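Chemist: Below is the file start_19.txt, which contains compact mmCIF, C-alpha atoms and all ligand atoms.
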```
# COMPACT_ATOMS: atom_id res chain seq x y z
CA MET N 1 -28.02 -26.55 -38.82
CA THR N 2 -28.81 -27.57 -35.25
CA LYS N 3 -32.07 -26.26 -33.78
CA PHE N 4 -31.97 -25.36 -30.09
CA ALA N 5 -35.06 -25.22 -27.85
CA HIS N 6 -35.05 -21.41 -27.56
CA ASP N 7 -34.72 -20.99 -31.36
CA THR N 8 -38.39 -21.97 -31.57
CA VAL N 9 -39.69 -19.83 -28.66
CA VAL N 10 -41.65 -16.97 -30.27
CA PRO N 11 -43.42 -13.89 -28.84
CA ASP N 12 -46.81 -14.90 -30.30
CA LYS N 13 -47.60 -18.58 -30.87
CA GLU N 14 -50.75 -17.66 -32.86
CA SER N 15 -48.81 -15.59 -35.41
CA ASN N 16 -47.92 -16.93 -38.87
CA LEU N 17 -44.73 -14.84 -38.99
CA ASN N 18 -41.36 -16.49 -38.37
CA LYS N 19 -39.42 -15.80 -35.16
CA LYS N 20 -37.19 -13.12 -36.73
CA GLN N 21 -40.15 -11.10 -38.04
CA GLN N 22 -42.02 -11.46 -34.74
CA VAL N 23 -38.98 -10.41 -32.70
CA ALA N 24 -38.34 -7.35 -34.93
CA GLU N 25 -42.00 -6.29 -34.67
CA MET N 26 -42.05 -6.84 -30.93
CA PHE N 27 -38.95 -4.68 -30.35
CA ASP N 28 -40.30 -2.01 -32.73
CA SER N 29 -43.45 -1.86 -30.61
CA ILE N 30 -41.75 -1.68 -27.18
CA ALA N 31 -38.77 0.49 -28.25
CA PHE N 32 -40.27 3.68 -26.77
CA ARG N 33 -40.29 2.06 -23.31
CA TYR N 34 -37.31 -0.28 -23.66
CA ASP N 35 -34.65 1.72 -21.76
CA PHE N 36 -37.05 2.67 -18.98
CA LEU N 37 -38.25 -0.92 -18.49
CA ASN N 38 -34.69 -2.27 -18.48
CA ARG N 39 -33.70 0.05 -15.63
CA PHE N 40 -36.99 -0.36 -13.79
CA LEU N 41 -37.35 -4.15 -14.00
CA SER N 42 -33.69 -4.79 -13.15
CA VAL N 43 -33.62 -1.98 -10.53
CA GLY N 44 -30.58 -0.63 -12.38
CA ILE N 45 -28.48 -3.79 -12.01
CA ASP N 46 -28.28 -4.21 -15.80
CA VAL N 47 -25.89 -1.24 -16.02
CA GLY N 48 -23.32 -3.09 -13.87
CA TRP N 49 -23.79 -6.29 -15.92
CA ARG N 50 -23.02 -4.41 -19.12
CA LYS N 51 -19.94 -2.76 -17.56
CA LYS N 52 -18.59 -6.10 -16.39
CA ALA N 53 -19.15 -7.65 -19.82
CA ILE N 54 -17.36 -4.80 -21.63
CA SER N 55 -14.46 -5.06 -19.14
CA GLN N 56 -13.69 -8.48 -20.62
CA LEU N 57 -12.31 -6.63 -23.66
CA LYS N 58 -9.90 -4.38 -21.76
CA ASN N 59 -6.94 -6.73 -22.25
CA ILE N 60 -7.19 -6.72 -26.06
CA GLN N 61 -7.79 -2.93 -26.49
CA PRO N 62 -10.01 -3.33 -29.57
CA LYS N 63 -10.04 -0.52 -32.14
CA LYS N 64 -12.97 -1.69 -34.27
CA ILE N 65 -15.97 -3.26 -32.55
CA LEU N 66 -19.24 -4.75 -33.78
CA ASP N 67 -22.17 -4.60 -31.35
CA VAL N 68 -24.67 -7.22 -32.50
CA ALA N 69 -28.36 -6.82 -31.57
CA THR N 70 -27.39 -3.33 -30.44
CA GLY N 71 -30.99 -2.24 -29.78
CA THR N 72 -30.97 1.29 -28.36
CA ALA N 73 -27.13 1.28 -28.29
CA ASP N 74 -26.61 1.04 -24.52
CA VAL N 75 -23.69 -1.37 -24.91
CA ALA N 76 -22.20 0.55 -27.86
CA LEU N 77 -22.30 3.82 -25.87
CA MET N 78 -20.88 2.28 -22.72
CA THR N 79 -18.15 0.51 -24.72
CA TYR N 80 -17.13 3.80 -26.27
CA LYS N 81 -16.98 5.44 -22.86
CA MET N 82 -14.97 2.61 -21.30
CA LEU N 83 -12.60 1.53 -24.09
CA HIS N 84 -12.38 4.51 -26.51
CA PRO N 85 -12.16 2.41 -29.68
CA GLU N 86 -11.85 4.15 -33.06
CA LYS N 87 -15.15 2.82 -34.35
CA ILE N 88 -18.19 0.90 -33.14
CA ILE N 89 -20.80 -0.40 -35.55
CA GLY N 90 -24.10 -1.58 -34.10
CA ILE N 91 -26.48 -3.83 -36.04
CA ASP N 92 -30.07 -4.78 -35.24
CA ILE N 93 -33.16 -6.01 -37.08
CA SER N 94 -35.48 -3.53 -35.32
CA GLU N 95 -35.50 -0.11 -36.99
CA GLY N 96 -37.54 1.23 -34.04
CA MET N 97 -34.80 0.33 -31.54
CA LEU N 98 -32.04 1.66 -33.86
CA GLU N 99 -33.78 5.01 -34.28
CA LEU N 100 -33.81 5.59 -30.51
CA GLY N 101 -30.17 4.50 -30.35
CA ARG N 102 -29.24 6.99 -33.10
CA GLN N 103 -30.95 9.81 -31.17
CA LYS N 104 -28.90 8.97 -28.06
CA ILE N 105 -25.67 8.89 -30.10
CA GLU N 106 -26.45 12.24 -31.74
CA ARG N 107 -27.25 13.85 -28.39
CA LEU N 108 -23.78 12.83 -27.17
CA ASN N 109 -22.11 14.02 -30.39
CA LEU N 110 -20.72 10.55 -31.12
CA SER N 111 -22.08 10.02 -34.63
CA ASN N 112 -18.54 9.86 -36.05
CA ASN N 113 -17.58 7.11 -33.63
CA ILE N 114 -20.71 4.96 -33.35
CA GLU N 115 -22.77 4.01 -36.37
CA LEU N 116 -25.99 2.00 -36.24
CA VAL N 117 -27.15 0.07 -39.30
CA LYS N 118 -30.00 -2.31 -39.91
CA GLY N 119 -28.55 -5.81 -40.05
CA ASP N 120 -29.21 -9.44 -39.24
CA SER N 121 -26.80 -11.33 -37.00
CA GLU N 122 -27.47 -14.50 -38.95
CA ASN N 123 -26.32 -12.90 -42.20
CA ILE N 124 -23.82 -10.20 -41.23
CA ASN N 125 -23.19 -7.70 -43.99
CA PHE N 126 -19.41 -7.38 -43.45
CA GLU N 127 -16.32 -9.10 -44.82
CA ASP N 128 -14.45 -11.86 -43.00
CA ASN N 129 -11.88 -10.97 -40.30
CA ASN N 130 -13.17 -7.40 -39.94
CA PHE N 131 -13.57 -6.64 -36.23
CA ASP N 132 -11.21 -6.73 -33.25
CA ALA N 133 -14.09 -7.51 -30.90
CA ILE N 134 -17.80 -8.31 -30.98
CA THR N 135 -20.31 -7.69 -28.21
CA VAL N 136 -23.86 -9.00 -27.97
CA ALA N 137 -25.99 -8.26 -24.91
CA PHE N 138 -29.36 -9.95 -24.40
CA GLY N 139 -29.40 -10.75 -28.12
CA VAL N 140 -28.46 -14.40 -28.71
CA ARG N 141 -31.60 -15.68 -26.95
CA ASN N 142 -33.64 -13.82 -29.55
CA PHE N 143 -31.90 -15.27 -32.60
CA GLU N 144 -33.94 -17.53 -34.85
CA ASN N 145 -30.88 -19.67 -35.42
CA LEU N 146 -28.23 -19.43 -32.69
CA GLU N 147 -25.70 -21.63 -34.50
CA LYS N 148 -25.87 -19.50 -37.64
CA GLY N 149 -25.55 -16.29 -35.60
CA LEU N 150 -22.46 -17.54 -33.75
CA LYS N 151 -20.82 -18.78 -36.95
CA GLU N 152 -21.42 -15.41 -38.60
CA MET N 153 -19.89 -13.57 -35.64
CA PHE N 154 -16.89 -15.91 -35.78
CA ARG N 155 -16.49 -15.20 -39.52
CA VAL N 156 -16.37 -11.40 -39.18
CA LEU N 157 -14.09 -11.46 -36.11
CA ARG N 158 -10.38 -11.12 -36.93
CA PRO N 159 -7.94 -13.81 -35.74
CA GLY N 160 -6.98 -12.90 -32.18
CA GLY N 161 -10.28 -11.07 -31.72
CA LYS N 162 -12.73 -11.71 -28.88
CA LEU N 163 -16.49 -12.20 -28.59
CA VAL N 164 -18.37 -11.20 -25.42
CA VAL N 165 -21.93 -12.41 -24.92
CA LEU N 166 -24.13 -11.22 -22.06
CA GLU N 167 -27.33 -13.16 -21.51
CA PHE N 168 -29.91 -14.00 -18.86
CA SER N 169 -29.60 -17.34 -17.10
CA LYS N 170 -31.47 -19.13 -14.35
CA PRO N 171 -30.36 -18.99 -10.70
CA LYS N 172 -29.39 -22.30 -9.07
CA GLN N 173 -29.97 -21.48 -5.39
CA THR N 174 -33.33 -22.97 -4.29
CA ALA N 175 -34.54 -20.16 -1.98
CA PHE N 176 -33.70 -17.45 -4.51
CA LYS N 177 -35.25 -19.53 -7.33
CA ILE N 178 -38.72 -19.19 -5.73
CA PHE N 179 -38.52 -15.39 -5.71
CA TYR N 180 -36.95 -15.33 -9.19
CA ASN N 181 -39.68 -17.52 -10.73
CA LEU N 182 -42.41 -15.39 -9.18
CA TYR N 183 -40.72 -12.25 -10.49
CA MET N 184 -40.15 -13.55 -14.03
CA ASN N 185 -43.51 -15.37 -14.34
CA GLN N 186 -45.82 -12.79 -12.78
CA ILE N 187 -44.30 -9.46 -11.81
CA ALA N 188 -42.15 -8.61 -14.86
CA PRO N 189 -44.83 -9.60 -17.44
CA ALA N 190 -47.45 -7.54 -15.53
CA PHE N 191 -45.26 -4.40 -15.40
CA GLY N 192 -44.09 -5.01 -18.96
CA LYS N 193 -47.68 -5.16 -20.19
CA LEU N 194 -48.67 -2.07 -18.21
CA PHE N 195 -45.83 0.14 -19.43
CA SER N 196 -45.04 -1.17 -22.92
CA LYS N 197 -48.66 -1.93 -23.91
CA ASN N 198 -47.38 -5.20 -25.43
CA LYS N 199 -48.93 -8.19 -23.69
CA ASN N 200 -46.48 -10.75 -25.09
CA ALA N 201 -43.07 -9.12 -24.77
CA TYR N 202 -42.25 -9.80 -21.13
CA GLN N 203 -43.89 -13.24 -21.13
CA TYR N 204 -41.65 -14.03 -24.12
CA LEU N 205 -38.68 -12.80 -22.07
CA ASN N 206 -39.44 -15.40 -19.40
CA ASP N 207 -40.20 -18.21 -21.89
CA SER N 208 -37.01 -17.61 -23.86
CA VAL N 209 -34.84 -17.44 -20.72
CA GLN N 210 -36.35 -20.73 -19.51
CA ALA N 211 -35.57 -22.46 -22.82
CA PHE N 212 -32.11 -20.94 -23.38
CA ALA N 213 -29.07 -23.23 -23.71
CA GLU N 214 -27.14 -21.60 -20.87
CA GLY N 215 -23.94 -22.26 -18.91
CA GLU N 216 -21.50 -24.94 -20.05
CA THR N 217 -23.91 -25.96 -22.84
CA PHE N 218 -23.58 -22.48 -24.35
CA LEU N 219 -19.78 -22.70 -24.16
CA THR N 220 -19.93 -26.01 -26.05
CA ILE N 221 -22.06 -24.36 -28.75
CA MET N 222 -19.50 -21.52 -28.95
CA ASN N 223 -16.67 -24.04 -29.29
CA GLU N 224 -18.55 -25.82 -32.07
CA ALA N 225 -18.94 -22.49 -33.89
CA GLY N 226 -15.12 -22.18 -33.84
CA PHE N 227 -14.37 -20.09 -30.73
CA THR N 228 -11.42 -21.02 -28.50
CA GLN N 229 -10.36 -20.03 -24.95
CA THR N 230 -14.04 -19.90 -24.01
CA TYR N 231 -15.05 -19.10 -20.45
CA LEU N 232 -18.06 -17.88 -18.50
CA LYS N 233 -18.71 -15.69 -15.47
CA THR N 234 -22.01 -15.81 -13.61
CA LEU N 235 -23.43 -12.57 -12.18
CA SER N 236 -26.00 -11.72 -9.48
CA LEU N 237 -26.66 -15.25 -8.15
CA GLY N 238 -26.73 -16.63 -11.67
CA ILE N 239 -29.51 -14.53 -13.18
CA CYS N 240 -27.09 -13.27 -15.83
CA THR N 241 -23.97 -14.78 -17.40
CA ILE N 242 -21.05 -13.43 -19.43
CA TYR N 243 -19.64 -15.80 -22.06
CA CYS N 244 -16.36 -15.07 -23.85
CA GLY N 245 -14.49 -16.72 -26.69
CA SER N 246 -11.58 -15.91 -29.00
CA LYS N 247 -10.76 -16.57 -32.65
N1 LIG F 1 -28.13 -5.12 -26.78
C1 LIG F 1 -29.20 -4.24 -26.37
C2 LIG F 1 -29.19 -4.06 -24.87
O1 LIG F 1 -28.26 -4.58 -24.23
O2 LIG F 1 -30.07 -3.39 -24.34
C3 LIG F 1 -30.57 -4.71 -26.87
C4 LIG F 1 -31.04 -6.04 -26.38
S1 LIG F 1 -32.71 -6.41 -26.82
C5 LIG F 1 -33.24 -7.41 -25.48
C6 LIG F 1 -32.53 -7.60 -28.08
C7 LIG F 1 -32.28 -7.00 -29.45
O3 LIG F 1 -31.91 -8.06 -30.35
C8 LIG F 1 -33.49 -6.34 -30.08
O4 LIG F 1 -33.21 -4.99 -30.38
C9 LIG F 1 -33.76 -7.16 -31.34
O5 LIG F 1 -34.28 -6.42 -32.40
C10 LIG F 1 -32.35 -7.71 -31.63
N2 LIG F 1 -32.30 -8.90 -32.48
C11 LIG F 1 -32.98 -10.05 -32.36
N3 LIG F 1 -32.65 -10.92 -33.32
C12 LIG F 1 -31.70 -10.31 -34.08
C13 LIG F 1 -30.97 -10.70 -35.22
N4 LIG F 1 -31.15 -11.88 -35.81
N5 LIG F 1 -30.06 -9.83 -35.72
C14 LIG F 1 -29.87 -8.61 -35.14
N6 LIG F 1 -30.56 -8.18 -34.06
C15 LIG F 1 -31.46 -9.03 -33.54
```
Take the structure I supplied and represent it as structure tokens, if you would.
Ligand code: SAM
Modeler:
Amino acid sequence: MTKFAHDTVVPDKESNLNKKQQVAEMFDSIAFRYDFLNRFLSVGIDVGWRKKAISQLKNIQPKKILDVATGTADVALMTYKMLHPEKIIGIDISEGMLELGRQKIERLNLSNNIELVKGDSENINFEDNNFDAITVAFGVRNFENLEKGLKEMFRVLRPGGKLVVLEFSKPKQTAFKIFYNLYMNQIAPAFGKLFSKNKNAYQYLNDSVQAFAEGETFLTIMNEAGFTQTYLKTLSLGICTIYCGSK
């Protein structure tokens, strides 16, 4: 298996735990503030990014969808609202994030349509060729082994199905880069620490974005995992990117 630079970026370099355990613990600890910090730190722009990513599935009208690294189910809920599939299953390694997601689903009376289960993207607990579409928002950067995660998603996708990945990327424009680096290096970690009480989480966000194999490189990795008809769309001056691929 190939190791990519971000595979080895961990929340706490001093910890003896592996990346997967550290990431699960970190999201468990910040879950109570996760939705608030997403909206606050992105000034609400993340909602539009998610909508645009889900729109990539409109042309295939998927009935059964897997939302990988579902977290607090924002993408699963928005996908249900936008595409009305028969069933969405969300998997995540953080029970703390899933519990908040389940509460949101129950409040909206959607427990029959959206189900959240504990599950690892690198060892997906479903049979081959199972889902019409797979979504993963801000998840792949957190995987311990990106190649394994992508191959697993390819395996459970049915032929003709489509994967949509939404992930942070780095802006290219020089003037904007200065503001972006200040924001990601100083401002976001400071607010993250203040509100989530976790000193590492938002520093890890910056470190993992910096190391992530983004853009055309990510498309090549998707192709190597088996996906075809791959394409990308950059959003908001390049700070976020949508990647798509078919089976
Ligand atoms: N998709 C959600 C969203 O758009 O808000 C949550 C994104 S959150 C930044 C990343 C999530 O990935 C966390 O909930 C974390 O537990 C999950 N995660 C990380 N590695 C994972 C893995 N190997 N398998 C499943 N989930 C994973």
Chemist: What separation in Å, quoted to one decimal, exists between CA of His6 in chain N and CA of Ala213 in chain N?
Modeler: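 Between these atoms lies a distance of 7.3 Å.
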Chemist: Throw together the list of residues within 8 Å of ligand LIG 1 (chain F), counting all atoms listed in the file, and drop it here as a count of residues only.
Modeler: 42
Chemist: Return the single residue from N:Leu41, N:Val156, N:Ile134, N:Ile124 that is closest to Gly192 in chain N, with distances computed using all atoms listed in the file.
Modeler: N:Leu41
Chemist: Assuming 3 Å of padding per side, give the centre and edge lengths of the axis-aligned box around every listed atom of range 61-70 of chain N, in Å to one decimal and as AutoDock Vina command-line options.
Modeler:
```
--center_x -18.1 --center_y -3.9 --center_z -30.4 --size_x 26.6 --size_y 12.7 --size_z 13.8
```
Chemist: Within 10 Å of Leu110 in chain N, counting all atoms listed in the file, which residues show up once you throw out same-chain ones fewer than 6 positions away? Write them as a PyMOL selection string, please.
Modeler: chain N and resi 77+80+102+104
Chemist: I'd like to know which of N:Val9, N:Ala225, N:Val165, N:Leu205 is closest to Met184 in chain N, using all atoms listed in the file.
Modeler: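 Between N:Val9, N:Ala225, N:Val165, N:Leu205, the residue approaching Met184 in chain N most closely is N:Leu205.
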Chemist: How far is it from CA of Leu194 in chain N to CA of Phe36 in chain N, in Å with one decimal?
Modeler: 12.6 Å
Chemist: Can you work out the spacing between CA of Ile45 in chain N and CA of Thr228 in chain N in Å, to one decimal?
Modeler: 29.3 Å
Chemist: Could you pull the residues within 8 Å of Arg33 in chain N, counting only C-alpha atoms, minus those fewer than 3 positions along the same chain, as a PyMOL selection string?
Modeler: chain N and resi 30+36-37+195-196
Chemist: What's around Lys81 in chain N at 12 Å? Count only C-alpha atoms, leave out sequence neighbours fewer than 5 positions away in its own chain, and write the answer as a list in words.
Modeler: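 Final neighbour list, sorted by chain and number: Lys51, Ile54, Ser55, Asp74, Val75, Ala76, Glu86, Lys87, Ile88, Ile105, Leu108, Leu110, Asn113 and Ile114 of chain N.
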